[in-house]
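What follows is the content of target-v8.tsv, which has TSV, C-alpha atoms and all ligand atoms:
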chain	number	residue	atom	x	y	z
A	1	MET	CA	7.18	-27.72	52.42
A	2	GLY	CA	10.66	-26.32	53.11
A	3	SER	CA	11.96	-27.43	49.75
A	4	PHE	CA	8.88	-25.97	48.04
A	5	PHE	CA	9.70	-22.56	49.46
A	6	PHE	CA	13.37	-23.06	48.78
A	7	ARG	CA	12.66	-23.83	45.10
A	8	GLY	CA	10.38	-20.81	45.00
A	9	PHE	CA	13.17	-18.72	46.41
A	10	ILE	CA	15.64	-20.00	43.78
A	11	VAL	CA	13.17	-19.23	40.96
A	12	PHE	CA	12.53	-15.79	42.43
A	13	SER	CA	16.26	-15.07	42.67
A	14	LEU	CA	16.81	-16.18	39.08
A	15	LEU	CA	14.00	-13.93	37.94
A	16	MET	CA	15.49	-10.99	39.82
A	17	LEU	CA	18.88	-11.75	38.24
A	18	LEU	CA	17.32	-11.84	34.79
A	19	LYS	CA	15.45	-8.61	35.49
A	20	GLY	CA	18.69	-7.04	36.73
A	21	ALA	CA	20.50	-8.22	33.61
A	22	SER	CA	17.81	-6.81	31.33
A	23	SER	CA	18.14	-3.34	32.81
A	24	SER	CA	21.93	-3.17	32.73
A	25	LEU	CA	22.11	-0.08	30.58
A	26	ASP	CA	25.76	-0.38	29.59
A	27	LYS	CA	24.89	-3.70	27.92
A	28	GLU	CA	21.61	-2.59	26.34
A	29	PHE	CA	22.73	0.78	24.99
A	30	TYR	CA	25.60	2.43	23.17
A	31	VAL	CA	26.60	6.07	22.98
A	32	THR	CA	25.49	7.84	19.78
A	33	TRP	CA	26.71	11.33	20.63
A	34	ALA	CA	29.50	12.73	22.86
A	35	ALA	CA	30.80	9.83	24.97
A	36	ASP	CA	32.39	12.39	27.32
A	37	HIS	CA	28.87	13.68	28.14
A	38	VAL	CA	27.40	10.22	28.87
A	39	ARG	CA	27.95	8.53	32.20
A	40	PHE	CA	27.09	4.94	33.14
A	41	PHE	CA	27.21	4.20	36.84
A	42	ASN	CA	25.89	1.93	39.62
A	43	GLY	CA	27.49	-0.94	37.70
A	44	GLY	CA	25.60	0.05	34.55
A	45	GLN	CA	22.20	0.25	36.27
A	46	GLU	CA	21.91	3.97	35.70
A	47	LEU	CA	22.99	6.39	33.02
A	48	GLN	CA	23.09	10.15	32.67
A	49	LEU	CA	23.15	12.43	29.66
A	50	ALA	CA	24.63	15.90	29.98
A	51	LEU	CA	24.29	19.10	27.98
A	52	ASP	CA	26.69	22.04	28.27
A	53	THR	CA	28.07	24.74	25.98
A	54	ASN	CA	30.33	22.17	24.30
A	55	SER	CA	27.79	19.50	23.45
A	56	GLY	CA	24.60	17.61	24.08
A	57	SER	CA	24.65	13.82	24.18
A	58	GLY	CA	22.70	10.71	23.28
A	59	PHE	CA	22.40	6.93	23.38
A	60	ALA	CA	20.61	4.16	21.49
A	61	SER	CA	19.62	0.57	22.14
A	62	LYS	CA	21.64	-2.22	20.54
A	63	ASN	CA	18.46	-4.24	19.94
A	64	LYS	CA	15.48	-3.43	17.78
A	65	TYR	CA	11.91	-4.31	18.59
A	66	LEU	CA	8.75	-5.04	16.65
A	67	PHE	CA	5.83	-4.64	19.07
A	68	GLY	CA	6.24	-4.82	22.83
A	69	ASN	CA	5.68	-3.09	26.13
A	70	ILE	CA	8.81	-0.95	26.13
A	71	ASN	CA	9.61	1.53	28.87
A	72	MET	CA	12.25	3.02	31.06
A	73	GLN	CA	12.46	5.32	34.03
A	74	ILE	CA	13.67	8.86	33.52
A	75	LYS	CA	14.38	11.76	35.86
A	76	LEU	CA	14.36	14.94	33.82
A	77	VAL	CA	16.76	17.88	34.01
A	78	PRO	CA	16.06	19.62	37.35
A	79	GLY	CA	16.12	23.31	38.19
A	80	ASP	CA	16.17	25.83	35.38
A	81	SER	CA	15.83	23.54	32.35
A	82	ALA	CA	14.36	26.17	30.01
A	83	GLY	CA	15.42	25.64	26.41
A	84	THR	CA	16.56	22.05	26.94
A	85	VAL	CA	14.91	19.20	25.09
A	86	THR	CA	15.13	15.61	26.25
A	87	ALA	CA	14.06	13.49	23.30
A	88	TYR	CA	13.14	9.87	23.97
A	89	TYR	CA	11.80	7.82	21.10
A	90	LEU	CA	11.56	4.61	19.15
A	91	SER	CA	12.55	4.77	15.51
A	92	SER	CA	13.20	2.51	12.55
A	93	GLU	CA	15.91	3.25	10.01
A	94	GLY	CA	15.95	4.46	6.42
A	95	SER	CA	13.37	6.32	4.37
A	96	ASN	CA	9.65	5.96	5.15
A	97	HIS	CA	10.57	5.37	8.74
A	98	ASP	CA	8.28	4.80	11.71
A	99	GLU	CA	8.83	6.75	14.89
A	100	LEU	CA	7.13	7.09	18.29
A	101	ASP	CA	8.26	10.25	20.05
A	102	PHE	CA	8.34	11.72	23.51
A	103	GLU	CA	9.94	15.15	23.74
A	104	PHE	CA	10.31	16.70	27.18
A	105	LEU	CA	10.50	20.47	26.88
A	106	GLY	CA	12.23	22.09	29.84
A	107	ASN	CA	11.19	25.25	31.65
A	108	LYS	CA	12.24	27.85	34.19
A	109	SER	CA	12.47	26.54	37.77
A	110	GLY	CA	9.02	25.84	39.11
A	111	GLU	CA	7.32	26.19	35.71
A	112	PRO	CA	5.89	23.06	34.15
A	113	TYR	CA	7.59	20.82	31.63
A	114	VAL	CA	5.66	20.09	28.45
A	115	VAL	CA	5.56	16.55	27.02
A	116	GLN	CA	5.13	16.52	23.27
A	117	THR	CA	4.35	13.22	21.55
A	118	ASN	CA	4.30	12.42	17.86
A	119	VAL	CA	3.71	9.40	15.63
A	120	TYR	CA	5.44	8.84	12.30
A	121	ALA	CA	4.24	6.00	10.12
A	122	SER	CA	5.91	5.32	6.77
A	123	GLY	CA	7.69	8.67	7.00
A	124	LYS	CA	4.56	10.72	7.75
A	125	GLY	CA	4.45	12.61	11.04
A	126	ASP	CA	2.77	15.95	11.84
A	127	ARG	CA	0.71	14.39	14.63
A	128	GLU	CA	1.82	16.42	17.62
A	129	GLN	CA	0.07	16.36	20.96
A	130	ARG	CA	1.19	18.27	24.05
A	131	ILE	CA	0.40	17.76	27.71
A	132	TYR	CA	1.52	18.93	31.12
A	133	LEU	CA	2.33	16.24	33.67
A	134	TRP	CA	0.47	15.77	36.98
A	135	PHE	CA	3.76	15.58	38.91
A	136	ASP	CA	7.18	17.22	38.90
A	137	PRO	CA	9.23	14.98	36.56
A	138	THR	CA	12.52	16.29	37.95
A	139	LYS	CA	11.94	15.14	41.54
A	140	ASP	CA	11.79	11.38	40.99
A	141	PHE	CA	12.16	8.72	38.36
A	142	HIS	CA	8.96	8.00	36.42
A	143	SER	CA	8.31	5.38	33.79
A	144	TYR	CA	7.76	6.45	30.15
A	145	GLY	CA	7.12	4.14	27.27
A	146	VAL	CA	4.80	2.54	24.76
A	147	VAL	CA	2.56	-0.49	24.64
A	148	TRP	CA	2.78	-1.31	20.95
A	149	THR	CA	0.63	-4.00	19.39
A	150	ALA	CA	-0.65	-4.55	15.85
A	151	GLN	CA	-3.91	-2.81	16.86
A	152	HIS	CA	-2.90	0.13	19.06
A	153	ILE	CA	-0.01	2.15	20.33
A	154	LEU	CA	-0.46	3.46	23.86
A	155	PHE	CA	1.91	6.15	25.08
A	156	MET	CA	2.33	5.50	28.79
A	157	VAL	CA	3.45	7.66	31.72
A	158	ASP	CA	3.73	5.36	34.74
A	159	SER	CA	0.46	3.38	34.56
A	160	VAL	CA	-1.43	6.18	32.79
A	161	PRO	CA	-2.00	6.18	29.03
A	162	ILE	CA	-1.56	9.72	27.70
A	163	ARG	CA	-2.26	8.91	24.08
A	164	VAL	CA	-3.57	6.17	21.84
A	165	PHE	CA	-2.84	5.75	18.14
A	166	SER	CA	-4.90	2.97	16.60
A	167	ASN	CA	-4.44	0.96	13.46
A	168	HIS	CA	-6.49	2.71	10.75
A	169	LYS	CA	-4.99	0.96	7.77
A	170	ALA	CA	-8.53	0.21	6.62
A	171	ALA	CA	-9.00	3.99	6.25
A	172	GLY	CA	-5.70	4.33	4.38
A	173	VAL	CA	-3.59	5.55	7.33
A	174	ALA	CA	-0.13	3.96	7.54
A	175	TYR	CA	0.52	2.10	10.80
A	176	PRO	CA	3.87	0.99	12.25
A	177	ASP	CA	3.67	-2.81	12.05
A	178	LYS	CA	6.45	-3.90	9.69
A	179	GLN	CA	9.64	-2.14	10.75
A	180	ALA	CA	11.54	-2.92	13.94
A	181	MET	CA	12.48	0.13	15.99
A	182	GLY	CA	15.39	0.93	18.25
A	183	VAL	CA	15.12	3.02	21.43
A	184	PHE	CA	16.90	6.38	21.47
A	185	SER	CA	17.39	9.33	23.75
A	186	SER	CA	19.26	12.59	23.47
A	187	LEU	CA	19.56	15.84	25.39
A	188	TRP	CA	20.08	18.99	23.35
A	189	ASN	CA	19.65	22.71	23.02
A	190	GLY	CA	16.20	23.43	21.59
A	191	ASP	CA	15.89	26.98	22.85
A	192	ASN	CA	14.90	28.32	19.42
A	193	TRP	CA	11.47	26.63	19.85
A	194	ALA	CA	11.05	24.56	23.02
A	195	THR	CA	10.13	26.88	25.87
A	196	GLN	CA	7.22	29.24	25.37
A	197	GLY	CA	7.72	28.86	21.65
A	198	GLY	CA	11.41	29.86	21.82
A	199	LEU	CA	10.99	33.02	23.90
A	200	VAL	CA	12.87	31.60	26.89
A	201	LYS	CA	16.52	30.76	26.17
A	202	ILE	CA	18.91	28.41	27.93
A	203	ASP	CA	20.67	29.94	30.91
A	204	TRP	CA	24.13	28.46	30.37
A	205	SER	CA	25.22	29.52	33.85
A	206	GLN	CA	23.05	26.57	35.03
A	207	ALA	CA	25.00	24.01	32.90
A	208	PRO	CA	25.67	21.13	32.89
A	209	PHE	CA	22.05	20.02	32.43
A	210	VAL	CA	21.62	16.37	33.35
A	211	ALA	CA	18.88	13.79	32.65
A	212	SER	CA	19.01	10.37	34.37
A	213	TYR	CA	17.81	6.96	33.18
A	214	ARG	CA	17.31	3.51	34.70
A	215	ASN	CA	15.24	0.30	34.55
A	216	PHE	CA	14.97	-0.23	30.81
A	217	ASN	CA	12.31	-2.88	30.39
A	218	VAL	CA	10.94	-4.71	27.37
A	219	GLU	CA	8.06	-7.14	27.55
A	220	PRO	CA	7.93	-8.77	24.10
A	221	MET	CA	4.65	-8.94	22.21
A	222	THR	CA	3.83	-10.56	18.89
A	223	ALA	CA	1.66	-9.33	16.01
A	224	SER	CA	-1.25	-11.28	17.48
A	225	SER	CA	-0.86	-10.03	21.08
A	226	GLY	CA	-4.14	-8.51	22.17
A	227	GLU	CA	-5.93	-9.65	19.02
A	228	GLY	CA	-9.67	-9.98	19.41
A	229	THR	CA	-9.71	-7.56	22.33
A	230	SER	CA	-10.09	-3.81	21.96
A	231	GLY	CA	-6.56	-3.57	23.36
A	232	VAL	CA	-7.46	-0.62	25.53
A	233	ASN	CA	-9.49	-1.53	28.59
A	234	SER	CA	-12.13	0.69	30.20
A	235	GLU	CA	-9.82	1.57	33.10
A	236	GLN	CA	-7.25	2.85	30.59
A	237	TRP	CA	-9.88	4.80	28.64
A	238	LYS	CA	-10.92	6.49	31.89
A	239	LYS	CA	-7.35	7.50	32.68
A	240	LEU	CA	-6.80	8.72	29.13
A	241	GLN	CA	-9.94	10.83	29.38
A	242	TRP	CA	-8.69	12.29	32.65
A	243	VAL	CA	-5.40	13.29	31.00
A	244	LYS	CA	-7.17	14.81	27.99
A	245	GLU	CA	-9.55	16.81	30.16
A	246	ASN	CA	-7.03	18.08	32.68
A	247	PHE	CA	-3.57	18.18	31.13
A	248	MET	CA	-3.83	18.45	27.38
A	249	ILE	CA	-2.65	21.73	25.86
A	250	TYR	CA	-2.46	20.85	22.18
A	251	ASN	CA	-3.88	18.17	19.92
A	252	TYR	CA	-3.31	18.19	16.15
A	253	CYS	CA	-6.71	16.48	15.83
A	254	ASN	CA	-8.38	19.69	17.04
A	255	ASP	CA	-6.18	22.11	15.10
A	256	LYS	CA	-8.62	23.43	12.49
A	257	GLN	CA	-5.97	25.78	11.04
A	258	ARG	CA	-3.72	22.86	10.16
A	259	TYR	CA	-6.41	20.31	9.46
A	260	PRO	CA	-9.75	21.80	8.37
A	261	LEU	CA	-10.79	18.15	8.05
A	262	PRO	CA	-9.42	16.07	10.94
A	263	PRO	CA	-7.14	13.21	9.81
A	264	PRO	CA	-8.95	9.83	9.69
A	265	GLU	CA	-7.25	8.42	12.80
A	266	CYS	CA	-8.74	11.30	14.81
A	267	THR	CA	-12.21	9.78	14.57
A	268	THR	CA	-11.38	7.24	17.28
A	269	ASP	CA	-8.02	8.19	18.74
A	270	MET	CA	-7.28	10.46	21.65
B	1	LIG	C1	6.66	26.94	30.76
B	1	LIG	O1	5.95	27.73	31.66
B	1	LIG	C2	5.02	28.62	31.06
B	1	LIG	C3	4.40	29.47	32.17
B	1	LIG	O2	3.83	28.65	33.16
B	1	LIG	C4	3.99	27.83	30.29
B	1	LIG	O3	3.12	28.71	29.60
B	1	LIG	C5	4.68	26.89	29.29
B	1	LIG	O4	3.72	26.05	28.67
B	1	LIG	C6	5.67	26.04	30.03
B	1	LIG	N1	6.36	25.02	29.23
B	1	LIG	C7	7.06	25.27	28.13
B	1	LIG	C8	7.79	24.12	27.55
B	1	LIG	O5	7.13	26.35	27.58

Please re-express this file's structure in structure tokens.
Ligand SMILES: *[C@@H]1O[C@H](CO)[C@@H](O)[C@H](O)[C@H]1NC(C)=O
Amino acid sequence: MGSFFFRGFIVFSLLMLLKGASSSLDKEFYVTWAADHVRFFNGGQELQLALDTNSGSGFASKNKYLFGNINMQIKLVPGDSAGTVTAYYLSSEGSNHDELDFEFLGNKSGEPYVVQTNVYASGKGDREQRIYLWFDPTKDFHSYGVVWTAQHILFMVDSVPIRVFSNHKAAGVAYPDKQAMGVFSSLWNGDNWATQGGLVKIDWSQAPFVASYRNFNVEPMTASSGEGTSGVNSEQWKKLQWVKENFMIYNYCNDKQRYPLPPPECTTDM
């Protein structure tokens, strides 16, 4: 009995060690922009990007991924973040690239952030959606990421799917299933468009603006993961519906000006 628990304890400790190792950000990521504005701390368990009048900053993963449940925890720029953009995305390289985007658009203190998502497949994007969040993303860390299989891509905020992009290759819509993607983030000045369409500018007296990251986590999946299932369970559909009904402010699928005929993926996706 004792040794059973002891072995269990050893296995548990090893798992925790492995988990710890997998989220050591200074091993998983490298600086892509302005090393003097990027700070690793807590022994590499946490990292911060800064934006000031001199520069924004950014990082990227050393590894690339093809499918997977990929997420990390982010605490967005607090206070007056108007005009700042925290981009967080997966992207492949070269022409005809695939990209899965989260862009967090800052706001005046107390006014809500906007989360814009987009999907590029074989170089084609123009699939913006925008939502408000149901919490203040500057108060605590929350998990943001994708569950990416050969059938669906779910954009996740904590345990809530905010968007699904399904494989519609049969209808001639390119789908990201061939190119491995790296994970990227950057913090920059987007005040020509980000906040209220560019009306609200950055207040540089509030600089430096800082976004914090931790717990990078990748659960590998293969091309056949989730095959034969719809990939999105009824609980997830319910949550997605709740987001669409209560927090959605823009959906390219419903933008008749841009798309008099909705793009084919819009027939099933949300
Ligand atoms: C900022 O706040 C205003 C007023 O509440 C809101 O209309 C806008 O959508 C918010 N977010 C951004 C990014 O502009």

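One finds atom CA of Asn254 of chain A at 21.7 Å from atom CA of Thr195 of chain A.
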
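If only C-alpha atoms and all ligand atoms are the atoms counted, then among A:Tyr113, A:Tyr175, A:Trp33, A:Phe59 the closest residue to ligand LIG 1 (chain B) is A:Tyr113.
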
Surroundings of ligand LIG 1 (chain B) up to 6 Å, based on all atoms listed in the file, as a PDB file with C-alpha atoms, in the coordinates of the input:
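The resulting out-v1.pdb:
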ATOM      1  CA  LEU A 105      10.500  20.470  26.880  1.00  0.00           C
ATOM      2  CA  GLY A 106      12.230  22.090  29.840  1.00  0.00           C
ATOM      3  CA  ASN A 107      11.190  25.250  31.650  1.00  0.00           C
ATOM      4  CA  GLU A 111       7.320  26.190  35.710  1.00  0.00           C
ATOM      5  CA  PRO A 112       5.890  23.060  34.150  1.00  0.00           C
ATOM      6  CA  TYR A 113       7.590  20.820  31.630  1.00  0.00           C
ATOM      7  CA  VAL A 114       5.660  20.090  28.450  1.00  0.00           C
ATOM      8  CA  ALA A 194      11.050  24.560  23.020  1.00  0.00           C
ATOM      9  CA  THR A 195      10.130  26.880  25.870  1.00  0.00           C
ATOM     10  CA  GLN A 196       7.220  29.240  25.370  1.00  0.00           C
TER      11      GLN A 196
END

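The interatomic distance for the pair atom CA of Asp126 of chain A and atom CA of Tyr252 of chain A works out to 7.8 Å.
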
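Closest approach to Ala170 of chain A among A:Pro220, A:Gly110, A:Pro264, A:Pro137: A:Pro264, based on all atoms listed in the file.
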
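Considering the residues A:Gln151, A:Ser166, A:Thr53, A:Thr267 and counting all atoms listed in the file, Ser224 of chain A has its shortest atom-to-atom contact with A:Gln151.
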
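Going from atom CA of Leu100 of chain A to atom CA of Ile202 of chain A covers 26.2 Å.
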
Quick one: of A:Pro176, A:Thr268, A:Ile162, A:Ile74, who's nearest to Gly123 of chain A, counting all atoms listed in the file? A:Pro176

Calculate, to one decimal in Å, the centre and edge lengths of the box along x, y and z of the file that holds all listed atoms of segment 65-80 of chain A with 5 Å of margin on each side, and present them as lines of an AutoDock Vina configuration file.
center_x = 11.2
center_y = 10.4
center_z = 27.4
size_x = 21.1
size_y = 40.9
size_z = 31.5

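Omitting Lys108 of chain A and its sequence neighbours fewer than 3 positions away, and counting all atoms listed in the file, the residues within 7 Å are Asp80, Ser81, Ala82 and Glu111 of chain A.
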
Tell me which of A:Phe209, A:Trp204, A:Tyr144, A:Phe40 sits closest to Arg163 of chain A, counting only C-alpha atoms. A:Tyr144

Identify which of the residues A:Lys27, A:Arg39, A:Lys124, A:His168 lies closest to Lys62 of chain A, counting all atoms listed in the file when measuring atom-to-atom distances. A:Lys27

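Look at Asn192 of chain A: the protein and nucleic acid residues within 10 Å of it, using all atoms listed in the file and passing over chain neighbours fewer than 3 places away, are Gly83, Thr84, Asn189, Thr195, Gln196, Gly197, Gly198, Leu199, Val200, Lys201 and Ile202 of chain A.
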
Tell me which protein, DNA and RNA residues are within 7 Å of Val218 of chain A, counting all atoms listed in the file, leaving out same-chain ones fewer than 3 positions away, and put them as a ChimeraX atom specification. /A:68-71

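Those residues positioned at most 6 Å from (24.4, 25.5, 31.5) are Asp52, Asp203, Trp204, Ser205, Gln206, Ala207 and Pro208 of chain A, judged using only C-alpha atoms.
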
Please list as a PyMOL selection string every residue within 12 Å of Phe141 of chain A, counting all atoms listed in the file and excluding residues in the same chain fewer than 4 positions away. chain A and resi 46+72-78+135-137+157-158+211-215

Selected residues written out with C-alpha atoms, as a compact mmCIF listing (two decimals), keeping the file's coordinate frame:
# COMPACT_ATOMS: atom_id res chain seq x y z
CA GLU A 46 21.91 3.97 35.70
CA MET A 72 12.25 3.02 31.06
CA GLN A 73 12.46 5.32 34.03
CA ILE A 74 13.67 8.86 33.52
CA LYS A 75 14.38 11.76 35.86
CA LEU A 76 14.36 14.94 33.82
CA VAL A 77 16.76 17.88 34.01
CA PRO A 78 16.06 19.62 37.35
CA PHE A 135 3.76 15.58 38.91
CA ASP A 136 7.18 17.22 38.90
CA PRO A 137 9.23 14.98 36.56
CA VAL A 157 3.45 7.66 31.72
CA ASP A 158 3.73 5.36 34.74
CA ALA A 211 18.88 13.79 32.65
CA SER A 212 19.01 10.37 34.37
CA TYR A 213 17.81 6.96 33.18
CA ARG A 214 17.31 3.51 34.70
CA ASN A 215 15.24 0.30 34.55
